[in-house]
Every structure is written in C-alpha cells, then in structure tokens.
$ cat work03.cif   # mmCIF, C-alpha atoms
data_input
loop_
_atom_site.label_atom_id
_atom_site.label_comp_id
_atom_site.auth_asym_id
_atom_site.auth_seq_id
_atom_site.Cartn_x
_atom_site.Cartn_y
_atom_site.Cartn_z
CA MET A 1 0.00 0.00 0.00
CA THR A 2 2.84 2.42 0.80
CA ARG A 3 4.42 1.82 -2.58
CA THR A 4 1.14 2.46 -4.38
CA VAL A 5 0.66 5.81 -2.60
CA GLY A 6 4.22 6.86 -3.48
CA GLU A 7 3.71 6.10 -7.13
CA ALA A 8 0.45 8.11 -7.14
CA GLY A 9 2.19 11.03 -5.49
CA GLY A 10 4.94 10.92 -8.10
CA ARG A 11 2.43 11.00 -10.91
CA LEU A 12 0.66 13.98 -9.32
CA ARG A 13 3.90 15.88 -8.99
CA ALA A 14 4.73 15.16 -12.63
CA VAL A 15 1.35 16.43 -13.80
CA GLY A 16 1.73 19.58 -11.67
CA ALA A 17 5.16 20.30 -13.09
CA SER A 18 3.85 19.85 -16.64
CA VAL A 19 0.97 22.26 -16.03
CA LEU A 20 3.35 24.85 -14.53
CA ALA A 21 5.70 24.58 -17.49
CA ILE A 22 2.83 25.00 -19.96
CA ALA A 23 1.67 28.14 -18.12
CA LEU A 24 5.17 29.62 -18.20
CA ALA A 25 5.45 28.91 -21.91
CA ALA A 26 2.09 30.54 -22.61
CA CYS A 27 3.07 33.68 -20.64
CA GLY A 28 6.18 34.44 -22.64
CA GLY A 29 8.40 31.58 -23.69
CA GLY A 30 9.22 29.71 -20.47
CA GLY A 31 10.27 26.70 -22.57
CA GLU A 32 13.03 28.68 -24.27
CA LYS A 33 14.34 29.86 -20.90
CA ALA A 34 14.49 26.27 -19.71
CA GLN A 35 16.73 25.53 -22.72
CA GLY A 36 19.00 28.48 -21.90
CA LYS A 37 17.37 31.02 -24.27
CA ALA A 38 16.70 34.64 -23.10
CA GLY A 39 13.14 35.93 -22.70
CA PRO A 40 11.67 39.13 -24.18
CA GLY A 41 13.45 42.28 -23.07
CA ALA A 42 16.48 40.44 -21.70
CA PRO A 43 19.93 40.76 -23.32
CA GLY A 44 20.05 38.52 -26.36
CA GLY A 45 16.30 37.90 -26.31
CA PRO A 46 13.54 39.17 -28.59
CA PRO A 47 12.34 42.79 -28.11
CA ALA A 48 9.71 43.21 -25.43
CA GLU A 49 6.36 44.46 -26.61
CA VAL A 50 5.46 47.65 -24.74
CA GLY A 51 2.46 49.95 -24.81
CA PHE A 52 3.00 53.69 -24.99
CA VAL A 53 1.04 56.92 -24.89
CA VAL A 54 1.98 60.16 -26.63
CA VAL A 55 2.00 63.00 -24.13
CA GLN A 56 1.24 66.64 -24.84
CA PRO A 57 1.26 69.63 -22.47
CA THR A 58 -2.10 70.58 -21.03
CA ASP A 59 -3.64 72.94 -18.51
CA VAL A 60 -3.58 71.48 -15.02
CA ALA A 61 -4.94 73.31 -12.01
CA LEU A 62 -2.53 73.62 -9.08
CA GLU A 63 -4.92 72.57 -6.36
CA ALA A 64 -4.27 72.81 -2.65
CA THR A 65 -6.11 71.23 0.27
CA LEU A 66 -5.55 73.33 3.37
CA PRO A 67 -7.03 73.48 6.88
CA GLY A 68 -9.30 76.34 7.79
CA ARG A 69 -11.59 77.70 10.45
CA THR A 70 -14.92 79.45 10.01
CA VAL A 71 -15.25 83.08 11.12
CA ALA A 72 -18.37 85.23 11.35
CA PHE A 73 -18.82 87.70 8.51
CA GLN A 74 -19.59 90.40 11.07
CA SER A 75 -19.40 90.25 14.85
CA SER A 76 -20.38 92.95 17.30
CA GLU A 77 -20.51 93.08 21.07
CA VAL A 78 -23.54 94.84 22.51
CA ARG A 79 -22.22 97.21 25.18
CA PRO A 80 -23.94 99.90 27.24
CA GLN A 81 -22.98 103.49 26.46
CA VAL A 82 -24.57 104.83 29.66
CA SER A 83 -24.65 103.47 33.18
CA GLY A 84 -27.78 102.34 34.95
CA VAL A 85 -30.02 99.46 35.94
CA VAL A 86 -31.44 97.19 33.21
CA GLN A 87 -35.23 97.50 33.25
CA ARG A 88 -36.26 95.35 30.26
CA ARG A 89 -34.93 92.98 27.66
CA PHE A 90 -36.64 93.05 24.27
CA PHE A 91 -35.29 89.94 22.51
CA GLU A 92 -35.18 86.16 22.78
CA GLU A 93 -31.74 84.62 23.02
CA GLY A 94 -30.61 82.98 19.76
CA GLN A 95 -33.03 84.80 17.49
CA ILE A 96 -32.27 86.97 14.45
CA VAL A 97 -32.20 90.68 15.24
CA ARG A 98 -32.11 93.65 12.87
CA ARG A 99 -29.85 96.65 13.03
CA GLY A 100 -31.36 99.39 15.19
CA GLN A 101 -33.77 97.00 16.92
CA PRO A 102 -34.09 97.77 20.70
CA LEU A 103 -32.44 95.13 22.83
CA TYR A 104 -32.29 96.49 26.39
CA GLN A 105 -33.89 99.33 28.30
CA ILE A 106 -31.73 101.01 30.96
CA ASP A 107 -33.44 103.16 33.60
CA PRO A 108 -33.78 106.56 31.83
CA SER A 109 -34.89 108.64 34.82
CA LEU A 110 -31.59 110.44 35.41
CA TYR A 111 -31.03 111.06 31.73
CA ARG A 112 -34.53 112.43 31.19
CA ALA A 113 -33.97 114.79 34.09
CA ALA A 114 -30.67 115.89 32.56
CA VAL A 115 -32.50 116.70 29.32
CA ASN A 116 -35.04 118.80 31.17
CA GLN A 117 -32.32 120.66 33.03
CA ALA A 118 -30.42 121.31 29.82
CA GLN A 119 -33.56 122.64 28.16
CA ALA A 120 -34.06 125.06 31.04
CA ASN A 121 -30.47 126.23 30.83
CA VAL A 122 -30.90 126.89 27.12
CA ALA A 123 -34.00 128.96 27.78
CA ALA A 124 -32.20 131.00 30.44
CA ALA A 125 -29.21 131.56 28.20
CA GLN A 126 -31.46 132.65 25.35
CA ALA A 127 -33.16 135.22 27.59
CA THR A 128 -29.82 136.64 28.76
CA ALA A 129 -28.54 136.74 25.22
CA GLU A 130 -31.63 138.61 24.01
CA ALA A 131 -31.23 141.26 26.71
CA ALA A 132 -27.55 141.70 25.94
CA ARG A 133 -28.28 142.04 22.23
CA VAL A 134 -30.94 144.68 22.75
CA ARG A 135 -28.65 146.69 25.07
CA ALA A 136 -25.82 146.59 22.50
CA ASP A 137 -28.20 147.69 19.74
CA ARG A 138 -29.34 150.69 21.84
CA PHE A 139 -25.78 151.74 22.64
CA ARG A 140 -24.72 151.77 18.99
CA PRO A 141 -26.45 155.03 17.85
CA LEU A 142 -25.68 156.67 21.18
CA ALA A 143 -22.01 155.90 20.78
CA GLU A 144 -22.06 157.40 17.28
CA ILE A 145 -23.33 160.76 18.63
CA GLU A 146 -21.08 160.37 21.70
CA ALA A 147 -24.03 160.28 24.06
CA VAL A 148 -22.32 157.29 25.72
CA SER A 149 -18.72 156.42 25.66
CA ARG A 150 -17.46 154.09 23.01
CA GLN A 151 -16.10 151.82 25.72
CA ASP A 152 -19.61 151.29 27.08
CA TYR A 153 -20.80 150.30 23.63
CA THR A 154 -17.83 147.96 23.19
CA ASP A 155 -18.58 146.28 26.52
CA ALA A 156 -22.26 145.90 25.64
CA ALA A 157 -21.45 144.33 22.27
CA ALA A 158 -18.99 141.92 23.89
CA THR A 159 -21.58 140.92 26.48
CA ALA A 160 -24.08 140.20 23.70
CA ARG A 161 -21.61 137.95 21.90
CA GLN A 162 -20.80 136.12 25.16
CA SER A 163 -24.47 135.53 25.79
CA ALA A 164 -24.91 134.10 22.28
CA ALA A 165 -21.97 131.76 22.90
CA ALA A 166 -23.54 130.67 26.20
CA VAL A 167 -26.70 129.77 24.30
CA ALA A 168 -24.70 127.60 21.92
CA GLN A 169 -22.93 125.88 24.84
CA ASN A 170 -26.17 125.09 26.57
CA ARG A 171 -27.63 123.74 23.36
CA ALA A 172 -24.66 121.39 23.08
CA VAL A 173 -25.26 120.23 26.65
CA LEU A 174 -28.88 119.66 25.75
CA GLU A 175 -27.89 117.60 22.71
CA THR A 176 -25.57 115.50 24.90
CA ALA A 177 -28.34 114.91 27.38
CA ARG A 178 -30.68 113.83 24.60
CA VAL A 179 -28.06 111.42 23.22
CA ASN A 180 -27.57 109.88 26.67
CA LEU A 181 -31.32 109.53 27.01
CA ARG A 182 -31.43 107.78 23.63
CA PHE A 183 -28.56 105.48 24.73
CA ALA A 184 -30.73 104.34 27.62
CA THR A 185 -32.39 102.17 25.00
CA VAL A 186 -29.62 99.84 23.75
CA PRO A 187 -30.08 99.03 20.02
CA ALA A 188 -28.61 96.25 17.87
CA PRO A 189 -25.48 97.59 16.15
CA ILE A 190 -25.70 95.06 13.28
CA SER A 191 -28.13 92.51 11.89
CA GLY A 192 -27.47 88.89 12.76
CA ARG A 193 -28.05 86.14 15.29
CA ILE A 194 -27.76 87.22 18.89
CA GLY A 195 -26.31 84.95 21.54
CA ARG A 196 -27.13 84.56 25.19
CA SER A 197 -27.62 87.58 27.38
CA LEU A 198 -24.92 87.97 30.02
CA PHE A 199 -26.97 90.42 32.10
CA THR A 200 -30.51 90.06 33.37
CA VAL A 201 -33.17 92.56 34.30
CA GLY A 202 -32.17 94.40 37.46
CA ALA A 203 -28.43 94.19 36.81
CA LEU A 204 -26.34 97.34 37.06
CA VAL A 205 -24.38 98.03 33.90
CA THR A 206 -21.67 100.62 33.31
CA THR A 207 -19.84 102.01 30.32
CA SER A 208 -16.50 100.62 31.56
CA GLN A 209 -17.54 97.04 32.30
CA ALA A 210 -15.45 94.19 30.91
CA ASP A 211 -18.27 91.92 29.69
CA PRO A 212 -20.68 92.83 26.88
CA LEU A 213 -24.41 92.56 27.32
CA ALA A 214 -24.57 90.09 24.42
CA THR A 215 -22.87 89.31 21.10
CA ILE A 216 -24.39 89.48 17.62
CA GLN A 217 -22.86 87.57 14.70
CA GLN A 218 -23.78 87.72 11.03
CA LEU A 219 -23.41 84.20 9.61
CA ASP A 220 -24.70 84.59 6.05
CA PRO A 221 -22.37 84.96 4.30
CA ILE A 222 -19.54 83.55 6.40
CA PHE A 223 -15.75 83.67 6.18
CA VAL A 224 -13.31 80.75 6.23
CA ASP A 225 -9.74 81.59 7.24
CA ILE A 226 -7.39 79.17 5.46
CA GLN A 227 -3.83 78.58 6.62
CA GLN A 228 -1.10 78.10 4.00
CA SER A 229 2.60 77.70 4.73
CA SER A 230 4.77 80.61 3.70
CA SER A 231 7.12 78.24 1.82
CA ALA A 232 4.26 76.94 -0.35
CA LEU A 233 3.12 80.48 -1.08
CA LEU A 234 6.68 81.48 -1.99
CA SER A 235 6.95 78.52 -4.38
CA LEU A 236 3.65 79.48 -6.00
CA ARG A 237 4.77 83.07 -6.53
CA ARG A 238 8.02 81.92 -8.08
CA SER A 239 6.10 79.67 -10.44
CA LEU A 240 3.88 82.58 -11.44
CA ALA A 241 6.91 84.77 -12.04
CA GLY A 242 8.74 82.07 -14.03
CA GLY A 243 6.05 81.70 -16.68
CA GLY A 244 3.95 78.72 -17.69
CA VAL A 245 1.75 79.21 -14.62
CA VAL A 246 -1.12 81.69 -14.57
CA PRO A 247 -3.19 82.73 -11.55
CA ALA A 248 -6.65 81.25 -11.14
CA ARG A 249 -9.71 82.60 -9.40
CA ALA A 250 -11.35 79.29 -8.85
CA GLN A 251 -14.11 78.25 -6.52
CA VAL A 252 -13.29 76.90 -3.10
CA ARG A 253 -14.86 73.69 -1.87
CA LEU A 254 -15.19 72.68 1.77
CA LYS A 255 -15.10 69.35 3.57
CA LEU A 256 -16.76 69.50 6.96
CA GLU A 257 -15.65 67.92 10.22
CA ASP A 258 -17.79 64.83 9.68
CA GLY A 259 -16.20 64.20 6.26
CA SER A 260 -19.16 65.44 4.22
CA ASP A 261 -18.89 68.04 1.46
CA TYR A 262 -20.39 71.47 1.96
CA GLY A 263 -23.00 72.15 -0.68
CA TYR A 264 -21.95 75.69 -1.58
CA ALA A 265 -18.77 76.98 -3.20
CA GLY A 266 -16.88 80.06 -2.09
CA THR A 267 -14.25 82.42 -3.45
CA VAL A 268 -10.97 83.66 -2.02
CA GLU A 269 -11.33 87.29 -0.97
CA PHE A 270 -7.78 88.24 -0.03
CA SER A 271 -4.46 87.04 1.40
CA GLU A 272 -2.68 88.42 4.46
CA VAL A 273 0.59 90.26 3.88
CA VAL A 274 2.09 89.12 7.20
CA VAL A 275 3.42 85.66 8.11
CA GLU A 276 2.34 84.36 11.50
CA GLN A 277 5.61 83.93 13.38
CA SER A 278 4.46 81.11 15.66
CA THR A 279 3.18 78.88 12.82
CA GLY A 280 4.97 80.15 9.70
CA THR A 281 1.68 80.39 7.81
CA VAL A 282 -0.21 82.99 5.82
CA THR A 283 -3.97 83.41 6.19
CA LEU A 284 -6.21 83.31 3.13
CA ARG A 285 -9.82 84.38 3.63
CA ALA A 286 -12.63 82.84 1.58
CA ARG A 287 -16.28 83.86 1.54
CA PHE A 288 -19.14 81.31 1.49
CA PRO A 289 -22.92 81.57 1.41
CA ASN A 290 -24.54 80.11 4.50
CA PRO A 291 -28.33 80.37 4.02
CA GLN A 292 -29.17 77.37 6.24
CA GLY A 293 -26.75 78.40 8.99
CA LEU A 294 -24.91 75.07 8.73
CA LEU A 295 -21.52 76.71 9.21
CA LEU A 296 -20.94 78.11 12.68
CA PRO A 297 -18.03 80.27 13.80
CA GLY A 298 -15.08 78.27 15.06
CA MET A 299 -15.66 75.09 13.02
CA PHE A 300 -12.63 73.30 11.52
CA VAL A 301 -12.90 72.55 7.79
CA GLN A 302 -10.73 71.43 4.87
CA ALA A 303 -10.67 73.82 1.92
CA ARG A 304 -9.76 72.66 -1.59
CA PHE A 305 -9.18 75.19 -4.33
CA ALA A 306 -7.00 75.95 -7.34
CA GLN A 307 -4.49 78.74 -6.77
CA ALA A 308 -3.03 78.69 -10.29
CA ILE A 309 -3.08 76.83 -13.60
CA ASN A 310 0.05 75.21 -15.04
CA THR A 311 -0.16 75.46 -18.82
CA ARG A 312 2.91 73.26 -19.45
CA ALA A 313 2.16 70.17 -17.38
CA PHE A 314 1.91 66.59 -18.66
CA LEU A 315 -0.58 64.02 -17.41
CA VAL A 316 1.14 60.62 -17.29
CA PRO A 317 -0.66 57.39 -16.26
CA GLN A 318 0.48 56.33 -12.82
CA PRO A 319 1.81 52.84 -13.84
CA ALA A 320 4.42 54.53 -16.04
CA ILE A 321 6.28 56.17 -13.16
CA SER A 322 8.41 54.44 -10.58
CA ARG A 323 10.66 55.68 -7.81
CA ASP A 324 14.35 55.03 -7.39
CA PRO A 325 15.93 54.37 -3.96
CA LYS A 326 16.36 58.13 -3.48
CA GLY A 327 12.69 58.80 -4.17
CA ALA A 328 13.20 60.41 -7.59
CA ALA A 329 10.50 59.75 -10.19
CA THR A 330 11.62 57.93 -13.34
CA LEU A 331 9.92 56.61 -16.45
CA TYR A 332 10.79 55.10 -19.84
CA VAL A 333 10.18 56.69 -23.22
CA VAL A 334 10.55 55.14 -26.66
CA GLY A 335 13.64 56.70 -28.19
CA PRO A 336 15.30 56.45 -31.61
CA ASN A 337 15.59 52.95 -33.09
CA ASN A 338 12.86 51.80 -30.68
CA ARG A 339 15.17 51.86 -27.68
CA ALA A 340 13.89 52.40 -24.15
CA ILE A 341 15.32 55.59 -22.66
CA GLN A 342 15.00 56.23 -18.95
CA ARG A 343 14.12 59.76 -17.89
CA GLN A 344 14.08 61.40 -14.47
CA VAL A 345 11.03 63.63 -14.15
CA THR A 346 9.40 65.90 -11.60
CA ALA A 347 6.11 64.43 -10.44
CA GLU A 348 5.06 65.83 -7.08
CA ARG A 349 1.33 65.16 -7.10
CA THR A 350 -1.44 63.20 -8.75
CA GLU A 351 -4.56 64.24 -10.61
CA GLY A 352 -7.00 61.34 -10.55
CA GLN A 353 -5.26 58.34 -12.21
CA TYR A 354 -2.41 60.46 -13.57
CA TRP A 355 0.84 61.86 -12.28
CA VAL A 356 1.29 65.58 -13.00
CA VAL A 357 4.76 65.86 -14.57
CA THR A 358 6.17 69.37 -14.68
CA LYS A 359 9.76 68.67 -15.77
CA GLY A 360 11.58 66.00 -17.77
CA LEU A 361 9.22 65.50 -20.72
CA ASP A 362 8.86 67.11 -24.14
CA PRO A 363 5.74 67.40 -26.30
CA GLY A 364 5.24 64.26 -28.40
CA ASP A 365 7.28 61.92 -26.20
CA ARG A 366 6.13 58.31 -26.28
CA VAL A 367 5.91 57.26 -22.64
CA ILE A 368 5.89 53.52 -21.95
CA THR A 369 2.96 52.64 -19.72
CA GLN A 370 2.55 48.87 -20.33
CA GLY A 371 4.94 45.95 -20.61
CA LEU A 372 7.54 47.33 -18.19
CA LEU A 373 9.46 44.21 -17.16
CA PRO A 374 11.84 44.08 -14.18
CA SER A 375 14.54 42.94 -16.60
CA MET A 376 14.22 46.05 -18.77
CA ARG A 377 17.33 48.18 -18.84
CA PRO A 378 17.98 51.63 -20.34
CA GLY A 379 18.86 51.27 -24.02
CA ALA A 380 17.03 47.96 -24.47
CA THR A 381 15.29 47.44 -27.80
CA VAL A 382 11.50 47.31 -27.53
CA ARG A 383 8.59 46.75 -29.86
CA PRO A 384 6.28 49.72 -29.19
CA VAL A 385 2.54 49.54 -29.78
CA PRO A 386 -0.17 52.00 -28.68
CA ALA A 387 -1.32 51.43 -25.13
CA ASP A 388 -4.16 48.97 -24.53
CA THR A 389 -3.38 47.05 -27.75
CA PRO A 390 -4.52 43.42 -27.22
CA GLN A 391 -1.54 41.16 -26.43
CA ARG A 392 -1.04 37.94 -28.39
CA VAL A 393 -0.55 34.80 -26.31
CA GLN A 394 0.66 31.82 -28.40
CA ALA A 395 0.13 28.25 -27.37
CA PRO A 396 3.28 26.10 -26.97
CA SER A 397 4.37 24.13 -30.04
CA PRO A 398 4.24 20.27 -30.12
CA GLU A 399 8.05 20.13 -29.66
CA GLN A 400 7.77 22.31 -26.56
CA MET A 401 5.02 20.08 -25.23
CA GLU A 402 7.18 16.99 -25.68
CA ARG A 403 10.13 18.60 -23.93
CA MET A 404 7.96 19.72 -21.02
CA LYS A 405 6.52 16.21 -20.67
CA ALA A 406 9.99 14.77 -20.66
CA GLN A 407 11.13 17.22 -18.01
CA GLY A 408 8.12 16.37 -15.89
CA ALA A 409 8.78 12.65 -16.18
CA GLY A 410 12.43 13.16 -15.18
CA LYS A 411 11.45 15.14 -12.08
CA SER A 412 8.96 12.45 -11.06
CA ARG A 413 11.77 9.91 -10.89
#

$ encode --input "work03.cif" --output "structure tokens"
Amino acid sequence: MTRTVGEAGGRLRAVGASVLAIALAACGGGGEKAQGKAGPGAPGGPPAEVGFVVVQPTDVALEATLPGRTVAFQSSEVRPQVSGVVQRRFFEEGQIVRRGQPLYQIDPSLYRAAVNQAQANVAAAQATAEAARVRADRFRPLAEIEAVSRQDYTDAAATARQSAAAVAQNRAVLETARVNLRFATVPAPISGRIGRSLFTVGALVTTSQADPLATIQQLDPIFVDIQQSSSALLSLRRSLAGGGVVPARAQVRLKLEDGSDYGYAGTVEFSEVVVEQSTGTVTLRARFPNPQGLLLPGMFVQARFAQAINTRAFLVPQPAISRDPKGAATLYVVGPNNRAIQRQVTAERTEGQYWVVTKGLDPGDRVITQGLLPSMRPGATVRPVPADTPQRVQAPSPEQMERMKAQGAGKSR
C-alpha cells in the first residue's frame, strides 16, 4: 500500500510540473528559458512588446487642500454706552435681530432729568442773550453821537456775543443729554443672530464694564480663514513669475468635520501680507454663502481650491512612473531605433489616475505605460505599440510540449 501511494504522489507531482511549465510557456516563452534562451526584453532575447502613450502639455490646475476655520462675517458686542439698571430685555436669546432694533432698556430717569435741566439752561441763556443784544443795539447810535462812551458800547457788544456763545454751549449740553437719554435704549449695532444675554433685568451696567451685554454675529455669508505655509506660497509666486503658470480665481470647496462636502462653493477674498511667526503660515480668507446656517463660527474645515493653472504640465498614467531608492521619479520613453530611454522627471502630485509631470518630458514623447518588465534596462530594444493594444498569447508548439513532458517525467523519478 505504501508503494502504491508513493507512485500516485509521483504521478501527481509530474502532472503539476507539466501544467506549470505549460503556463510559463504561454506567458512568454518559459520553454526557451528552460533551454537556456533569453526571454523578451532580456539581453540577447527578442524585443519586449510595450504599450506607450503620446503626451502633450495641457492645462492642469494647481490645487491645494488646506485646513481652515470658520469666522463670522460680522461680529459685534452689545455694550452699554450709559450706566444704569437694566429695566427690560426686548429679545429672545438665539433669534435673528435687525440693526437698530431695541435690545435692552436702561433706567432713563436720570437722563430724562438731565435733558429737562439742559432745556431750562438753554432757555435762560437765550433770555440773557436777548437782553444783551438789545442793550448793544441801543448803545450803537448813542455811541455814534457820543451820548455814551465808546467803551460802554464795546462792553455791551462783547456781552451780547458772550451771551450768544452761552446759548450755543447750553444747546450742546442739551444735545448730549438727549443722546444719553437715547442710549438708555440699547439698540442692535448690526443685523445677525444674537447669543445669550450675560446680564438680566435688574443688573447694574456701566460704560466701563469688561463683559458685553450680548454678542451678535452675522453668519450669512460667512468667512473661512485658510492657513497656508509661507514656503508653499513662496513657491507658488516663483512659479507665477517664471512663466507657464497663470493665476486662477477658482471656486473653493469645503469638507466638513464629519467628512461630508459642503454644498456651496466660495471664493478667495484676499491674502494676508504678514506671516504668522508662531506657525509660519499665511492666512487666506474665503467667503461662502450660509443660508441654512450650517456653518458656525469656530468650526474646523478642509478647503480645496485651485491657486493657479500650469499650462505646461503633462498628465502621465500612474503605472508609467516608478521611484528610485532616493525617491526620484523615473519613467521610460521610446527613443530612436525603438530603444527604451529612462528619464528622471518631476512628479510631485497626482490628478486622478495620472501623475502631474512638470519637468523632464517634451511634447510628443512616447511614454511607456505597459509591458515594463523588471529585466528592462535603459537602451534595451523594444517593440512599441499603442497602449491597450490586445496582447497575443501563443500556445506552446508540439516540440515544446514533448520537452515539457519529458522534463516532468524526469522530475517524477
């Protein structure tokens, strides 16, 4: 029984070896390699069939994905401009308020009394000024006929002018008193959503207090402050100055904290001219519509936008590019006499299924994207065909089949 099992195992191993040899022959001439012949692409072997694409320069947007934080379009602290006790509050916390809408009522008693006093002072000053004017007018003809001294007339005229100035001063005091009385009703400085009230009815408020009564923020539209490193901005400006890259005013897209995309696009409004010393970044501010109020101040987001357009970039399929031990990007192009020429290129980012190559290629280059064998060496002869051309797989010849059977039988022994 043991002998029978051994013979069966030997036959199975022979069949397995034959099947493996047939598969190798079908994939590219494994039978020839077994006889000492070189395979396609190897020195002394037939040229390897490779697929290529012809590259041409195209416009590629230089996109950046940067972190950002939402900021209110307008923000205003509601502060008292007169001191007093809060009598009423006219709004509900969290609601939308309009500019000029009354928010708080401060006790106006003292300020109304100040207005009344100022009005009385104005009336008294007007009466004094009228008397002084009439006296000066009477002294004028008398001084001309020297019935009174000219000095008396001069004094009377000066007194009249002083009385008129006193009227103007008292009117200014009256206007100040009226302004203070108006400030007893605290209005909304801007339109927006008001937050919680930090002071309740009955609280004493002053003009010098540290805390505001409340805060109003306008959230539609809303700003997003985007942080970009100063080195990346410097590289972009050099690219713009060097030619081949033109500025772009593209739309900005947002990705929210939960990973979802924000439904509205924004535009970059301006860039700061100062680098933040602690972070080495420059702030870019973008403006977004926010009709549903989904964006709230202080939220972290990811902003994606195109800062410029490279008009001389090449889009190369990703399988064509490999990296050497130093991390440099290399690829093969079909050179003269159908020889594979290795090129070092600059490919720093991807665009979908393509590498964006900015240096190392010329218009019309035939870049090898298919059939890149590990055995391929620079200068090797290749048989180029357009990419995605169907590959021919030939079945092994009868002689190859016989040799593979013989090899399998020898291994089974």

$ closest_residue --input "work03.cif" --among "A:Arg343, A:Arg79, A:Arg312, A:Arg135" --to "Ala328 (chain A)" --atoms "all atoms listed in the file"
A:Arg343

$ atom_distance --input "work03.cif" --atom1 "CA of Val367 (chain A)" --atom2 "CA of Pro325 (chain A)"
21.4 Å

$ closest_residue --input "work03.cif" --among "A:Asp211, A:Asp107, A:Glu276, A:Asp365" --to "Gln227 (chain A)" --atoms "all atoms listed in the file"
A:Glu276

$ axis_aligned_box --input "work03.cif" --around "region 108-117 of chain A" --padding-each-side "4 Å" --output "JSON"
{"center_x": -32.9, "center_y": 113.6, "center_z": 32.4, "size_x": 12.4, "size_y": 22.1, "size_z": 14.1}

$ closest_residue --input "work03.cif" --among "A:Val224, A:Ala64, A:Val301, A:Val186" --to "Glu351 (chain A)" --atoms "only C-alpha atoms"
A:Ala64

$ residues_around --input "work03.cif" --residues "Ser271 (chain A)" --least-positions-apart "4" --cutoff "9 Å" --atoms "all atoms listed in the file" --output "list in words"
Val282, Thr283, Leu284 and Arg285 of chain A

$ resolve_selection --input "work03.cif" --expression "the PyMOL selection byres ((chain A and resi 162) around 12)" --output "PyMOL selection string"
chain A and resi 125-126+128-133+136+155-161+163-169

$ atom_distance --input "work03.cif" --atom1 "CA of Arg88 (chain A)" --atom2 "CA of Tyr111 (chain A)"
16.6 Å

$ closest_residue --input "work03.cif" --among "A:Glu175, A:Asp388, A:Asp225, A:Asp324" --to "Gly68 (chain A)" --atoms "only C-alpha atoms"
A:Asp225

$ decode --input "work03.cif" --residues "region 376-391 of chain A" --atoms "N, CA, C and O atoms" --output "PDB file, in the first residue's frame"
ATOM      1  N   MET A 376      13.955  44.999 -17.795  1.00  0.00           N
ATOM      2  CA  MET A 376      14.221  46.053 -18.769  1.00  0.00           C
ATOM      3  C   MET A 376      15.320  46.972 -18.275  1.00  0.00           C
ATOM      4  O   MET A 376      15.340  47.376 -17.107  1.00  0.00           O
ATOM      5  N   ARG A 377      16.218  47.300 -19.162  1.00  0.00           N
ATOM      6  CA  ARG A 377      17.330  48.176 -18.839  1.00  0.00           C
ATOM      7  C   ARG A 377      17.337  49.350 -19.814  1.00  0.00           C
ATOM      8  O   ARG A 377      16.842  49.231 -20.950  1.00  0.00           O
ATOM      9  N   PRO A 378      17.877  50.510 -19.396  1.00  0.00           N
ATOM     10  CA  PRO A 378      17.985  51.632 -20.336  1.00  0.00           C
ATOM     11  C   PRO A 378      18.758  51.229 -21.590  1.00  0.00           C
ATOM     12  O   PRO A 378      19.792  50.566 -21.519  1.00  0.00           O
ATOM     13  N   GLY A 379      18.234  51.594 -22.744  1.00  0.00           N
ATOM     14  CA  GLY A 379      18.858  51.272 -24.019  1.00  0.00           C
ATOM     15  C   GLY A 379      18.381  49.972 -24.625  1.00  0.00           C
ATOM     16  O   GLY A 379      18.788  49.632 -25.745  1.00  0.00           O
ATOM     17  N   ALA A 380      17.521  49.240 -23.923  1.00  0.00           N
ATOM     18  CA  ALA A 380      17.035  47.964 -24.468  1.00  0.00           C
ATOM     19  C   ALA A 380      16.111  48.221 -25.657  1.00  0.00           C
ATOM     20  O   ALA A 380      15.370  49.201 -25.695  1.00  0.00           O
ATOM     21  N   THR A 381      16.157  47.327 -26.629  1.00  0.00           N
ATOM     22  CA  THR A 381      15.290  47.437 -27.800  1.00  0.00           C
ATOM     23  C   THR A 381      13.901  46.927 -27.445  1.00  0.00           C
ATOM     24  O   THR A 381      13.761  45.872 -26.806  1.00  0.00           O
ATOM     25  N   VAL A 382      12.875  47.679 -27.830  1.00  0.00           N
ATOM     26  CA  VAL A 382      11.503  47.308 -27.530  1.00  0.00           C
ATOM     27  C   VAL A 382      10.687  47.326 -28.814  1.00  0.00           C
ATOM     28  O   VAL A 382      11.114  47.866 -29.845  1.00  0.00           O
ATOM     29  N   ARG A 383       9.529  46.729 -28.738  1.00  0.00           N
ATOM     30  CA  ARG A 383       8.588  46.748 -29.862  1.00  0.00           C
ATOM     31  C   ARG A 383       7.370  47.557 -29.413  1.00  0.00           C
ATOM     32  O   ARG A 383       6.461  47.026 -28.769  1.00  0.00           O
ATOM     33  N   PRO A 384       7.348  48.862 -29.716  1.00  0.00           N
ATOM     34  CA  PRO A 384       6.276  49.716 -29.187  1.00  0.00           C
ATOM     35  C   PRO A 384       4.973  49.557 -29.945  1.00  0.00           C
ATOM     36  O   PRO A 384       4.954  49.458 -31.173  1.00  0.00           O
ATOM     37  N   VAL A 385       3.891  49.532 -29.219  1.00  0.00           N
ATOM     38  CA  VAL A 385       2.543  49.542 -29.780  1.00  0.00           C
ATOM     39  C   VAL A 385       1.723  50.521 -28.939  1.00  0.00           C
ATOM     40  O   VAL A 385       2.051  50.793 -27.785  1.00  0.00           O
ATOM     41  N   PRO A 386       0.677  51.118 -29.498  1.00  0.00           N
ATOM     42  CA  PRO A 386      -0.166  51.998 -28.683  1.00  0.00           C
ATOM     43  C   PRO A 386      -0.708  51.288 -27.456  1.00  0.00           C
ATOM     44  O   PRO A 386      -0.962  50.071 -27.473  1.00  0.00           O
ATOM     45  N   ALA A 387      -0.841  52.008 -26.392  1.00  0.00           N
ATOM     46  CA  ALA A 387      -1.320  51.430 -25.131  1.00  0.00           C
ATOM     47  C   ALA A 387      -2.686  50.787 -25.316  1.00  0.00           C
ATOM     48  O   ALA A 387      -3.501  51.226 -26.128  1.00  0.00           O
ATOM     49  N   ASP A 388      -2.909  49.738 -24.540  1.00  0.00           N
ATOM     50  CA  ASP A 388      -4.161  48.973 -24.532  1.00  0.00           C
ATOM     51  C   ASP A 388      -4.366  48.167 -25.806  1.00  0.00           C
ATOM     52  O   ASP A 388      -5.477  47.704 -26.083  1.00  0.00           O
ATOM     53  N   THR A 389      -3.285  47.966 -26.609  1.00  0.00           N
ATOM     54  CA  THR A 389      -3.381  47.055 -27.752  1.00  0.00           C
ATOM     55  C   THR A 389      -3.468  45.624 -27.230  1.00  0.00           C
ATOM     56  O   THR A 389      -2.690  45.234 -26.360  1.00  0.00           O
ATOM     57  N   PRO A 390      -4.414  44.800 -27.721  1.00  0.00           N
ATOM     58  CA  PRO A 390      -4.517  43.419 -27.223  1.00  0.00           C
ATOM     59  C   PRO A 390      -3.202  42.659 -27.418  1.00  0.00           C
ATOM     60  O   PRO A 390      -2.566  42.731 -28.471  1.00  0.00           O
ATOM     61  N   GLN A 391      -2.781  41.931 -26.384  1.00  0.00           N
ATOM     62  CA  GLN A 391      -1.541  41.164 -26.427  1.00  0.00           C
ATOM     63  C   GLN A 391      -1.818  39.759 -26.969  1.00  0.00           C
ATOM     64  O   GLN A 391      -2.815  39.120 -26.612  1.00  0.00           O
TER      65      GLN A 391
END
